[in-house]
>>> print(open('model-v8.pdb').read())   # PDB, C-alpha atoms, pLDDT in the B column
ATOM      1  CA  MET Y 263      24.225 -25.778 -27.436  1.00 58.00           C
ATOM      2  CA  LYS Y 264      27.096 -25.296 -29.855  1.00 82.00           C
ATOM      3  CA  GLY Y 265      29.922 -27.727 -29.383  1.00 94.00           C
ATOM      4  CA  PHE Y 266      33.449 -28.011 -30.736  1.00 97.00           C
ATOM      5  CA  LYS Y 267      34.602 -31.006 -32.738  1.00 97.00           C
ATOM      6  CA  ILE Y 268      37.555 -33.109 -31.661  1.00 98.00           C
ATOM      7  CA  LEU Y 269      39.617 -33.615 -34.805  1.00 98.00           C
ATOM      8  CA  SER Y 270      42.240 -35.714 -33.057  1.00 98.00           C
ATOM      9  CA  LEU Y 271      42.622 -37.243 -29.586  1.00 98.00           C
ATOM     10  CA  ASN Y 272      46.297 -37.923 -28.904  1.00 98.00           C
ATOM     11  CA  VAL Y 273      48.337 -39.644 -26.206  1.00 97.00           C
ATOM     12  CA  GLY Y 274      51.946 -40.740 -25.842  1.00 94.00           C
ATOM     13  CA  THR Y 275      54.534 -41.800 -23.299  1.00 90.00           C
ATOM     14  CA  PRO Y 276      57.850 -39.957 -22.909  1.00 88.00           C
ATOM     15  CA  LYS Y 277      60.618 -40.572 -25.428  1.00 86.00           C
ATOM     16  CA  ASP Y 278      64.251 -39.491 -25.670  1.00 85.00           C
ATOM     17  CA  MET Y 279      65.468 -37.028 -28.303  1.00 79.00           C
ATOM     18  CA  ASN Y 280      68.898 -35.563 -28.981  1.00 75.00           C
ATOM     19  CA  PHE Y 281      69.690 -32.067 -27.700  1.00 66.00           C
ATOM     20  CA  GLY Y 282      73.218 -31.248 -28.844  1.00 69.00           C
ATOM     21  CA  LYS Y 283      75.477 -33.748 -27.127  1.00 73.00           C
ATOM     22  CA  LYS Y 284      72.777 -34.502 -24.571  1.00 76.00           C
ATOM     23  CA  SER Y 285      69.530 -36.397 -24.626  1.00 80.00           C
ATOM     24  CA  VAL Y 286      66.258 -34.977 -23.302  1.00 81.00           C
ATOM     25  CA  THR Y 287      63.115 -36.878 -22.394  1.00 82.00           C
ATOM     26  CA  THR Y 288      59.884 -35.464 -23.722  1.00 84.00           C
ATOM     27  CA  GLY Y 289      56.196 -36.330 -23.871  1.00 86.00           C
ATOM     28  CA  PHE Y 290      55.812 -34.175 -26.989  1.00 90.00           C
ATOM     29  CA  PHE Y 291      55.398 -37.047 -29.433  1.00 91.00           C
ATOM     30  CA  LYS Y 292      51.840 -38.332 -29.307  1.00 95.00           C
ATOM     31  CA  GLU Y 293      49.795 -40.626 -31.497  1.00 95.00           C
ATOM     32  CA  ARG Y 294      46.180 -40.337 -32.514  1.00 97.00           C
ATOM     33  CA  ILE Y 295      43.889 -42.877 -30.881  1.00 97.00           C
ATOM     34  CA  HIS Y 296      40.493 -44.078 -32.068  1.00 97.00           C
ATOM     35  CA  GLU Y 297      39.012 -45.670 -28.943  1.00 97.00           C
ATOM     36  CA  PRO Y 298      37.516 -44.128 -25.779  1.00 98.00           C
ATOM     37  CA  VAL Y 299      40.050 -43.448 -23.045  1.00 98.00           C
ATOM     38  CA  PHE Y 300      39.875 -42.550 -19.349  1.00 98.00           C
ATOM     39  CA  LEU Y 301      40.764 -39.005 -18.313  1.00 98.00           C
ATOM     40  CA  SER Y 302      42.026 -38.738 -14.734  1.00 97.00           C
ATOM     41  CA  GLU Y 303      42.786 -35.544 -12.853  1.00 97.00           C
ATOM     42  CA  VAL Y 304      46.344 -35.573 -14.212  1.00 95.00           C
ATOM     43  CA  ASN Y 305      46.174 -37.059 -17.733  1.00 95.00           C
ATOM     44  CA  PHE Y 306      44.636 -39.442 -20.232  1.00 97.00           C
ATOM     45  CA  THR Y 307      45.452 -43.111 -19.771  1.00 96.00           C
ATOM     46  CA  GLY Y 308      48.492 -43.796 -21.931  1.00 95.00           C
ATOM     47  CA  ASP Y 309      49.757 -40.228 -21.779  1.00 94.00           C
ATOM     48  CA  GLY Y 310      52.772 -38.893 -19.895  1.00 81.00           C
ATOM     49  CA  GLN Y 311      55.313 -36.092 -19.498  1.00 69.00           C
ATOM     50  CA  GLY Y 312      59.067 -36.269 -19.648  1.00 52.00           C
ATOM     51  CA  ASP Y 313      59.717 -33.595 -16.994  1.00 54.00           C
ATOM     52  CA  LEU Y 314      57.269 -33.826 -14.113  1.00 50.00           C
ATOM     53  CA  VAL Y 315      58.869 -30.864 -12.351  1.00 51.00           C
ATOM     54  CA  HIS Y 316      57.910 -28.391 -15.081  1.00 51.00           C
ATOM     55  CA  HIS Y 317      55.156 -30.209 -16.999  1.00 55.00           C
ATOM     56  CA  GLY Y 318      51.917 -32.001 -16.372  1.00 66.00           C
ATOM     57  CA  GLY Y 319      50.058 -32.064 -13.073  1.00 87.00           C
ATOM     58  CA  VAL Y 320      46.490 -31.191 -12.167  1.00 95.00           C
ATOM     59  CA  HIS Y 321      46.537 -27.721 -13.752  1.00 96.00           C
ATOM     60  CA  LYS Y 322      47.901 -29.018 -17.062  1.00 95.00           C
ATOM     61  CA  ALA Y 323      46.169 -32.350 -17.405  1.00 96.00           C
ATOM     62  CA  VAL Y 324      45.048 -31.804 -21.012  1.00 97.00           C
ATOM     63  CA  CYS Y 325      46.887 -29.826 -23.676  1.00 96.00           C
ATOM     64  CA  VAL Y 326      44.625 -28.296 -26.332  1.00 98.00           C
ATOM     65  CA  TYR Y 327      45.585 -26.837 -29.704  1.00 98.00           C
ATOM     66  CA  PRO Y 328      43.317 -25.171 -32.309  1.00 98.00           C
ATOM     67  CA  PHE Y 329      43.381 -26.817 -35.719  1.00 98.00           C
ATOM     68  CA  SER Y 330      42.769 -23.426 -37.351  1.00 97.00           C
ATOM     69  CA  HIS Y 331      46.444 -22.533 -36.687  1.00 98.00           C
ATOM     70  CA  TYR Y 332      47.780 -25.497 -38.657  1.00 98.00           C
ATOM     71  CA  ALA Y 333      47.499 -23.720 -42.018  1.00 98.00           C
ATOM     72  CA  TYR Y 334      49.636 -20.827 -40.759  1.00 98.00           C
ATOM     73  CA  TRP Y 335      52.336 -23.146 -39.449  1.00 98.00           C
ATOM     74  CA  GLU Y 336      52.346 -25.302 -42.571  1.00 98.00           C
ATOM     75  CA  SER Y 337      52.931 -22.154 -44.623  1.00 97.00           C
ATOM     76  CA  THR Y 338      55.585 -20.815 -42.240  1.00 96.00           C
ATOM     77  CA  LEU Y 339      57.426 -24.112 -41.864  1.00 96.00           C
ATOM     78  CA  GLU Y 340      56.871 -25.141 -45.486  1.00 96.00           C
ATOM     79  CA  ARG Y 341      55.822 -28.643 -44.570  1.00 95.00           C
ATOM     80  CA  LYS Y 342      52.720 -30.721 -43.986  1.00 96.00           C
ATOM     81  CA  LEU Y 343      52.067 -31.186 -40.286  1.00 96.00           C
ATOM     82  CA  PRO Y 344      51.057 -34.510 -38.723  1.00 93.00           C
ATOM     83  CA  SER Y 345      48.421 -35.059 -36.061  1.00 91.00           C
ATOM     84  CA  SER Y 346      49.359 -33.557 -32.688  1.00 96.00           C
ATOM     85  CA  ALA Y 347      51.994 -31.392 -34.367  1.00 96.00           C
ATOM     86  CA  PHE Y 348      52.298 -29.322 -31.179  1.00 96.00           C
ATOM     87  CA  GLY Y 349      52.221 -32.227 -28.761  1.00 95.00           C
ATOM     88  CA  GLU Y 350      48.589 -31.575 -27.886  1.00 96.00           C
ATOM     89  CA  ASN Y 351      46.136 -34.104 -26.485  1.00 97.00           C
ATOM     90  CA  LEU Y 352      43.172 -32.474 -28.210  1.00 98.00           C
ATOM     91  CA  THR Y 353      43.217 -30.916 -31.654  1.00 98.00           C
ATOM     92  CA  LEU Y 354      39.995 -28.890 -31.754  1.00 97.00           C
ATOM     93  CA  GLN Y 355      38.004 -27.276 -34.497  1.00 96.00           C
ATOM     94  CA  GLY Y 356      36.396 -23.879 -33.970  1.00 92.00           C
ATOM     95  CA  LEU Y 357      37.839 -22.855 -30.590  1.00 95.00           C
ATOM     96  CA  THR Y 358      40.860 -20.541 -30.376  1.00 97.00           C
ATOM     97  CA  GLU Y 359      42.708 -18.499 -27.773  1.00 98.00           C
ATOM     98  CA  GLU Y 360      40.541 -15.500 -28.699  1.00 97.00           C
ATOM     99  CA  ASP Y 361      37.347 -17.439 -27.954  1.00 96.00           C
ATOM    100  CA  VAL Y 362      38.024 -19.171 -24.662  1.00 97.00           C
ATOM    101  CA  CYS Y 363      38.526 -17.609 -21.225  1.00 98.00           C
ATOM    102  CA  ILE Y 364      40.554 -18.629 -18.213  1.00 98.00           C
ATOM    103  CA  GLY Y 365      38.127 -20.497 -15.952  1.00 98.00           C
ATOM    104  CA  ASP Y 366      35.638 -21.521 -18.649  1.00 98.00           C
ATOM    105  CA  SER Y 367      34.346 -25.061 -18.140  1.00 98.00           C
ATOM    106  CA  PHE Y 368      33.310 -27.719 -20.662  1.00 98.00           C
ATOM    107  CA  GLN Y 369      31.786 -31.166 -20.855  1.00 98.00           C
ATOM    108  CA  LEU Y 370      34.246 -33.569 -22.479  1.00 98.00           C
ATOM    109  CA  GLY Y 371      32.667 -37.003 -22.779  1.00 98.00           C
ATOM    110  CA  SER Y 372      31.691 -37.892 -19.235  1.00 98.00           C
ATOM    111  CA  ALA Y 373      34.470 -35.664 -17.858  1.00 98.00           C
ATOM    112  CA  ILE Y 374      34.272 -31.975 -16.981  1.00 98.00           C
ATOM    113  CA  VAL Y 375      37.293 -29.766 -17.733  1.00 98.00           C
ATOM    114  CA  GLN Y 376      38.239 -26.137 -17.105  1.00 98.00           C
ATOM    115  CA  VAL Y 377      40.695 -23.753 -18.772  1.00 98.00           C
ATOM    116  CA  SER Y 378      43.607 -23.065 -16.411  1.00 98.00           C
ATOM    117  CA  GLN Y 379      46.247 -21.156 -18.432  1.00 98.00           C
ATOM    118  CA  PRO Y 380      47.734 -20.592 -21.881  1.00 98.00           C
ATOM    119  CA  ARG Y 381      50.469 -22.923 -22.990  1.00 95.00           C
ATOM    120  CA  GLN Y 382      53.970 -21.558 -22.526  1.00 91.00           C
ATOM    121  CA  PRO Y 383      56.134 -22.210 -25.643  1.00 88.00           C
ATOM    122  CA  CYS Y 384      58.892 -24.697 -24.887  1.00 84.00           C
ATOM    123  CA  PHE Y 385      62.446 -24.969 -26.258  1.00 86.00           C
ATOM    124  CA  LYS Y 386      61.620 -28.485 -27.418  1.00 86.00           C
ATOM    125  CA  LEU Y 387      59.535 -26.956 -30.192  1.00 92.00           C
ATOM    126  CA  ALA Y 388      62.834 -25.632 -31.564  1.00 91.00           C
ATOM    127  CA  LEU Y 389      64.305 -29.131 -31.457  1.00 89.00           C
ATOM    128  CA  VAL Y 390      61.333 -30.793 -33.124  1.00 91.00           C
ATOM    129  CA  TYR Y 391      61.103 -28.250 -35.957  1.00 93.00           C
ATOM    130  CA  GLU Y 392      64.828 -27.480 -36.156  1.00 90.00           C
ATOM    131  CA  ARG Y 393      64.195 -23.753 -35.804  1.00 93.00           C
ATOM    132  CA  LYS Y 394      65.720 -21.875 -32.892  1.00 93.00           C
ATOM    133  CA  ASP Y 395      63.089 -19.159 -33.182  1.00 95.00           C
ATOM    134  CA  MET Y 396      60.116 -21.528 -33.013  1.00 96.00           C
ATOM    135  CA  PRO Y 397      59.199 -20.855 -29.359  1.00 96.00           C
ATOM    136  CA  LEU Y 398      59.403 -17.100 -30.002  1.00 96.00           C
ATOM    137  CA  LEU Y 399      57.242 -17.436 -33.120  1.00 96.00           C
ATOM    138  CA  VAL Y 400      54.584 -19.288 -31.133  1.00 97.00           C
ATOM    139  CA  GLN Y 401      54.753 -16.678 -28.391  1.00 95.00           C
ATOM    140  CA  ASN Y 402      54.547 -13.720 -30.772  1.00 96.00           C
ATOM    141  CA  THR Y 403      51.671 -15.093 -32.825  1.00 97.00           C
ATOM    142  CA  GLY Y 404      49.685 -15.991 -29.732  1.00 97.00           C
ATOM    143  CA  TYR Y 405      49.041 -19.391 -31.304  1.00 98.00           C
ATOM    144  CA  THR Y 406      49.977 -21.155 -28.099  1.00 98.00           C
ATOM    145  CA  GLY Y 407      47.058 -23.398 -27.311  1.00 98.00           C
ATOM    146  CA  PHE Y 408      45.959 -23.798 -23.699  1.00 98.00           C
ATOM    147  CA  TYR Y 409      45.495 -26.257 -20.852  1.00 98.00           C
ATOM    148  CA  PHE Y 410      42.539 -27.883 -19.137  1.00 98.00           C
ATOM    149  CA  ARG Y 411      42.416 -29.013 -15.546  1.00 98.00           C
ATOM    150  CA  VAL Y 412      39.972 -31.835 -14.805  1.00 98.00           C
ATOM    151  CA  LEU Y 413      37.043 -31.040 -12.507  1.00 98.00           C
ATOM    152  CA  GLN Y 414      35.403 -34.432 -12.993  1.00 98.00           C
ATOM    153  CA  GLU Y 415      37.163 -37.533 -14.242  1.00 98.00           C
ATOM    154  CA  GLY Y 416      35.521 -39.558 -16.991  1.00 98.00           C
ATOM    155  CA  ILE Y 417      35.679 -41.393 -20.302  1.00 98.00           C
ATOM    156  CA  VAL Y 418      36.462 -39.425 -23.471  1.00 98.00           C
ATOM    157  CA  SER Y 419      35.909 -40.663 -27.015  1.00 98.00           C
ATOM    158  CA  PRO Y 420      37.480 -39.181 -30.169  1.00 97.00           C
ATOM    159  CA  LEU Y 421      33.891 -38.912 -31.434  1.00 97.00           C
ATOM    160  CA  ASP Y 422      32.794 -36.696 -28.531  1.00 97.00           C
ATOM    161  CA  THR Y 423      32.027 -32.998 -28.875  1.00 97.00           C
ATOM    162  CA  LEU Y 424      33.432 -30.444 -26.433  1.00 98.00           C
ATOM    163  CA  LEU Y 425      30.370 -28.720 -24.964  1.00 98.00           C
ATOM    164  CA  PRO Y 426      30.522 -25.316 -23.183  1.00 98.00           C
ATOM    165  CA  LEU Y 427      29.137 -25.343 -19.638  1.00 98.00           C
ATOM    166  CA  THR Y 428      30.055 -22.077 -17.900  1.00 97.00           C
ATOM    167  CA  ARG Y 429      31.873 -18.843 -18.743  1.00 97.00           C
ATOM    168  CA  GLN Y 430      34.088 -17.329 -16.062  1.00 97.00           C
ATOM    169  CA  ALA Y 431      32.679 -14.007 -14.839  1.00 96.00           C
ATOM    170  CA  GLN Y 432      35.828 -11.954 -15.560  1.00 95.00           C
ATOM    171  CA  ALA Y 433      35.835 -13.265 -19.151  1.00 97.00           C
ATOM    172  CA  ILE Y 434      39.584 -12.805 -19.697  1.00 98.00           C
ATOM    173  CA  THR Y 435      40.556 -14.735 -22.798  1.00 98.00           C
ATOM    174  CA  VAL Y 436      43.578 -16.949 -23.190  1.00 98.00           C
ATOM    175  CA  ALA Y 437      44.731 -14.491 -25.869  1.00 98.00           C
ATOM    176  CA  GLU Y 438      44.575 -11.598 -23.392  1.00 98.00           C
ATOM    177  CA  ALA Y 439      46.477 -13.601 -20.774  1.00 98.00           C
ATOM    178  CA  ASN Y 440      49.147 -14.276 -23.412  1.00 98.00           C
ATOM    179  CA  ARG Y 441      49.389 -10.578 -24.251  1.00 98.00           C
ATOM    180  CA  LEU Y 442      49.803  -9.656 -20.601  1.00 97.00           C
ATOM    181  CA  MET Y 443      52.485 -12.288 -20.106  1.00 97.00           C
ATOM    182  CA  HIS Y 444      54.561 -11.647 -23.216  1.00 95.00           C
ATOM    183  CA  HIS Y 445      53.794  -8.216 -24.669  1.00 94.00           C
ATOM    184  CA  ASP Y 446      51.817  -5.834 -22.436  1.00 95.00           C
ATOM    185  CA  LYS Y 447      53.935  -6.532 -19.379  1.00 93.00           C
ATOM    186  CA  GLN Y 448      53.422  -3.144 -17.709  1.00 93.00           C
ATOM    187  CA  ASN Y 449      49.626  -3.245 -17.875  1.00 96.00           C
ATOM    188  CA  VAL Y 450      49.029  -3.199 -14.133  1.00 95.00           C
ATOM    189  CA  ASP Y 451      45.252  -2.918 -14.402  1.00 96.00           C
ATOM    190  CA  GLY Y 452      45.110  -5.867 -16.787  1.00 97.00           C
ATOM    191  CA  ILE Y 453      47.321  -7.973 -14.540  1.00 97.00           C
ATOM    192  CA  ARG Y 454      45.197  -7.173 -11.511  1.00 97.00           C
ATOM    193  CA  ARG Y 455      42.048  -8.162 -13.391  1.00 97.00           C
ATOM    194  CA  LEU Y 456      43.655 -11.442 -14.385  1.00 98.00           C
ATOM    195  CA  LEU Y 457      44.711 -12.127 -10.798  1.00 98.00           C
ATOM    196  CA  GLU Y 458      41.065 -11.780  -9.777  1.00 97.00           C
ATOM    197  CA  VAL Y 459      40.395 -14.956 -11.759  1.00 98.00           C
ATOM    198  CA  ASP Y 460      40.591 -17.647  -9.089  1.00 98.00           C
ATOM    199  CA  GLU Y 461      40.875 -20.358 -11.733  1.00 98.00           C
ATOM    200  CA  LEU Y 462      44.221 -19.052 -13.074  1.00 98.00           C
ATOM    201  CA  SER Y 463      46.929 -21.683 -12.572  1.00 98.00           C
ATOM    202  CA  PRO Y 464      49.328 -21.231  -9.619  1.00 97.00           C
ATOM    203  CA  SER Y 465      52.407 -20.988 -11.873  1.00 95.00           C
ATOM    204  CA  TRP Y 466      51.008 -18.087 -13.906  1.00 97.00           C
ATOM    205  CA  ARG Y 467      49.632 -16.435 -10.785  1.00 97.00           C
ATOM    206  CA  LYS Y 468      53.061 -16.557  -9.159  1.00 96.00           C
ATOM    207  CA  THR Y 469      54.699 -14.895 -12.187  1.00 96.00           C
ATOM    208  CA  PHE Y 470      52.175 -12.044 -12.302  1.00 97.00           C
ATOM    209  CA  GLU Y 471      52.249 -11.495  -8.544  1.00 96.00           C
ATOM    210  CA  LYS Y 472      56.032 -11.136  -8.703  1.00 95.00           C
ATOM    211  CA  ARG Y 473      55.716  -8.734 -11.595  1.00 94.00           C
ATOM    212  CA  LEU Y 474      53.284  -6.564  -9.632  1.00 93.00           C
ATOM    213  CA  ALA Y 475      55.624  -6.627  -6.670  1.00 91.00           C
ATOM    214  CA  GLY Y 476      58.441  -5.371  -8.902  1.00 87.00           C
ATOM    215  CA  GLN Y 477      60.488  -8.539  -8.537  1.00 63.00           C
ATOM    216  CA  GLU Y 478      62.602  -9.948 -11.332  1.00 55.00           C
ATOM    217  CA  VAL Y 479      60.930 -13.063 -12.699  1.00 55.00           C
ATOM    218  CA  ASP Y 480      63.315 -15.974 -13.152  1.00 51.00           C
ATOM    219  CA  SER Y 481      62.571 -17.539 -16.547  1.00 46.00           C
ATOM    220  CA  SER Y 482      63.074 -20.974 -14.992  1.00 43.00           C
ATOM    221  CA  GLU Y 483      59.993 -20.366 -12.878  1.00 46.00           C
ATOM    222  CA  ARG Y 484      57.778 -19.965 -15.932  1.00 46.00           C
ATOM    223  CA  ILE Y 485      56.414 -23.379 -16.623  1.00 41.00           C
ATOM    224  CA  SER Y 486      57.164 -24.151 -20.248  1.00 45.00           C
ATOM    225  CA  GLY Y 487      54.454 -25.683 -22.357  1.00 47.00           C
ATOM    226  CA  GLU Y 488      55.640 -29.138 -23.361  1.00 46.00           C
ATOM    227  CA  LYS Y 489      53.204 -31.917 -22.541  1.00 49.00           C
TER     228      LYS Y 489
END
>>> encode(input="model-v8.pdb", output="structure tokens")
Amino acid sequence: MKGFKILSLNVGTPKDMNFGKKSVTTGFFKERIHEPVFLSEVNFTGDGQGDLVHHGGVHKAVCVYPFSHYAYWESTLERKLPSSAFGENLTLQGLTEEDVCIGDSFQLGSAIVQVSQPRQPCFKLALVYERKDMPLLVQNTGYTGFYFRVLQEGIVSPLDTLLPLTRQAQAITVAEANRLMHHDKQNVDGIRRLLEVDELSPSWRKTFEKRLAGQEVDSSERISGEK
């Protein structure tokens, strides 16, 4: 069975950063760890979110980002990126938004995880990289990363390999979900197919159900992607 290498396992507690004349608390800044760590249904031990209303929780317990996107961002931003440059818990090799489907499950150490939704670009990316257009760039490229929920708690080591277990029957990729959310907004058939995926997170489901019902979607209801 082909697995996917963990290049970096990252955790961090919330920290304050300046936002104009205000200060915002964020769990974006994470540090690479080298020892096994426990993964609960809401996060890794030692990890946390700054805004528990909009971030974290059982459907966004683990933030994943593909390492293959780093080269693009280093070229675009004209800088070398550190570990967990997008605030992710797992930096993975060989698994992108085009490869993985909403509802796919994986063995991660002794834990079992499942893809719940794409990551929604957050305004804090603009603060970190000092580019107002950074969230839009992430959205437009589709290089968002994605989230795991935890089906079985367990111990995860940085030396573990992410092993595929099951593929969701509808086989709708994270990339396709991103396109439906941000670009192909009037694709009713595509939205209906996505809503047939029971494993889709409640926040994304709510947005698409409102869209189908012809209701205006309040941007504050879209759960932004900061971990």
>>> resolve_selection(input="model-v8.pdb", expression="the PyMOL selection byres ((chain Y and resi 409) around 7)", output="PyMOL selection string")
chain Y and resi 322+324-326+377-381+408+410-411
>>> atom_distance(input="model-v8.pdb", atom1="CA of Val400 in chain Y", atom2="CA of Gln355 in chain Y")
18.7 Å
>>> residues_around(input="model-v8.pdb", residues="Pro298 in chain Y", least_positions_apart="6", cutoff="9 Å", atoms="only C-alpha atoms", output="list in words")
Ile417, Val418, Ser419, Pro420 and Leu421 of chain Y
>>> resolve_selection(input="model-v8.pdb", expression="the PyMOL selection byres ((chain Y and resi 443) around 10)", output="ChimeraX atom specification")
/Y:380,382,401,437-442,444-449,453,466,469-470,473
>>> axis_aligned_box(input="model-v8.pdb", around="range 459-474 of chain Y", padding_each_side="5 Å", output="AutoDock Vina command-line options")
--center_x 48.2 --center_y -14.1 --center_z -11.2 --size_x 25.6 --size_y 25.1 --size_z 15.4
>>> closest_residue(input="model-v8.pdb", among="Y:Val375, Y:Leu343, Y:Leu425, Y:Val436", to="Tyr391 in chain Y", atoms="all atoms listed in the file")
Y:Leu343
>>> closest_residue(input="model-v8.pdb", among="Y:Phe385, Y:Gly476, Y:Gln376, Y:Glu336", to="Ala323 in chain Y", atoms="all atoms listed in the file")
Y:Gln376
>>> closest_residue(input="model-v8.pdb", among="Y:Glu415, Y:Asp451, Y:Asp422, Y:Asp395", to="Val320 in chain Y", atoms="only C-alpha atoms")
Y:Glu415
>>> atom_distance(input="model-v8.pdb", atom1="CA of Lys283 in chain Y", atom2="CA of Cys384 in chain Y")
19.0 Å
>>> atom_distance(input="model-v8.pdb", atom1="CA of Asp309 in chain Y", atom2="CA of Leu424 in chain Y")
19.6 Å
>>> closest_residue(input="model-v8.pdb", among="Y:Leu456, Y:Ser337, Y:Thr353, Y:Lys264", to="Leu474 in chain Y", atoms="all atoms listed in the file")
Y:Leu456
>>> resolve_selection(input="model-v8.pdb", expression="the PyMOL selection byres ((chain Y and resi 433) around 10)", output="list in words")
Asp361, Val362, Cys363, Ile364, Gly365, Asp366, Arg429, Gln430, Ala431, Gln432, Ile434, Thr435, Val436, Glu438, Arg455, Leu456 and Val459 of chain Y
>>> write_last_selection(input="model-v8.pdb", atoms="C-alpha atoms", output="mmCIF file, in the coordinates of the input")
data_model
loop_
_atom_site.group_PDB
_atom_site.id
_atom_site.type_symbol
_atom_site.label_atom_id
_atom_site.label_comp_id
_atom_site.auth_asym_id
_atom_site.auth_seq_id
_atom_site.Cartn_x
_atom_site.Cartn_y
_atom_site.Cartn_z
ATOM 1 C CA ASP Y 361 37.347 -17.439 -27.954
ATOM 2 C CA VAL Y 362 38.024 -19.171 -24.662
ATOM 3 C CA CYS Y 363 38.526 -17.609 -21.225
ATOM 4 C CA ILE Y 364 40.554 -18.629 -18.213
ATOM 5 C CA GLY Y 365 38.127 -20.497 -15.952
ATOM 6 C CA ASP Y 366 35.638 -21.521 -18.649
ATOM 7 C CA ARG Y 429 31.873 -18.843 -18.743
ATOM 8 C CA GLN Y 430 34.088 -17.329 -16.062
ATOM 9 C CA ALA Y 431 32.679 -14.007 -14.839
ATOM 10 C CA GLN Y 432 35.828 -11.954 -15.560
ATOM 11 C CA ILE Y 434 39.584 -12.805 -19.697
ATOM 12 C CA THR Y 435 40.556 -14.735 -22.798
ATOM 13 C CA VAL Y 436 43.578 -16.949 -23.190
ATOM 14 C CA GLU Y 438 44.575 -11.598 -23.392
ATOM 15 C CA ARG Y 455 42.048 -8.162 -13.391
ATOM 16 C CA LEU Y 456 43.655 -11.442 -14.385
ATOM 17 C CA VAL Y 459 40.395 -14.956 -11.759
#
>>> residues_around(input="model-v8.pdb", residues="Lys277 in chain Y", least_positions_apart="6", cutoff="10 Å", atoms="only C-alpha atoms", output="JSON, numbers by chain")
{"Y": [285, 286, 287, 288, 289, 290, 291, 292, 310, 311, 312]}
>>> closest_residue(input="model-v8.pdb", among="Y:Phe329, Y:Glu461, Y:Val304, Y:Ala475", to="Thr358 in chain Y", atoms="all atoms listed in the file")
Y:Phe329
>>> residues_around(input="model-v8.pdb", residues="Leu339 in chain Y", least_positions_apart="2", cutoff="12 Å", atoms="all atoms listed in the file", output="list of chain:residue names")
Y:Tyr332, Y:Ala333, Y:Tyr334, Y:Trp335, Y:Glu336, Y:Ser337, Y:Arg341, Y:Lys342, Y:Leu343, Y:Ala347, Y:Ala388, Y:Val390, Y:Tyr391, Y:Glu392, Y:Arg393, Y:Asp395, Y:Met396, Y:Leu399
>>> write_last_selection(input="model-v8.pdb", atoms="C-alpha atoms", output="PDB file, keeping the file's coordinate frame")
ATOM      1  CA  TYR Y 332      47.780 -25.497 -38.657  1.00 98.00           C
ATOM      2  CA  ALA Y 333      47.499 -23.720 -42.018  1.00 98.00           C
ATOM      3  CA  TYR Y 334      49.636 -20.827 -40.759  1.00 98.00           C
ATOM      4  CA  TRP Y 335      52.336 -23.146 -39.449  1.00 98.00           C
ATOM      5  CA  GLU Y 336      52.346 -25.302 -42.571  1.00 98.00           C
ATOM      6  CA  SER Y 337      52.931 -22.154 -44.623  1.00 97.00           C
ATOM      7  CA  ARG Y 341      55.822 -28.643 -44.570  1.00 95.00           C
ATOM      8  CA  LYS Y 342      52.720 -30.721 -43.986  1.00 96.00           C
ATOM      9  CA  LEU Y 343      52.067 -31.186 -40.286  1.00 96.00           C
ATOM     10  CA  ALA Y 347      51.994 -31.392 -34.367  1.00 96.00           C
ATOM     11  CA  ALA Y 388      62.834 -25.632 -31.564  1.00 91.00           C
ATOM     12  CA  VAL Y 390      61.333 -30.793 -33.124  1.00 91.00           C
ATOM     13  CA  TYR Y 391      61.103 -28.250 -35.957  1.00 93.00           C
ATOM     14  CA  GLU Y 392      64.828 -27.480 -36.156  1.00 90.00           C
ATOM     15  CA  ARG Y 393      64.195 -23.753 -35.804  1.00 93.00           C
ATOM     16  CA  ASP Y 395      63.089 -19.159 -33.182  1.00 95.00           C
ATOM     17  CA  MET Y 396      60.116 -21.528 -33.013  1.00 96.00           C
ATOM     18  CA  LEU Y 399      57.242 -17.436 -33.120  1.00 96.00           C
TER      19      LEU Y 399
END
>>> closest_residue(input="model-v8.pdb", among="Y:Met279, Y:Val450, Y:Leu352, Y:Ile268", to="Glu293 in chain Y", atoms="only C-alpha atoms")
Y:Leu352
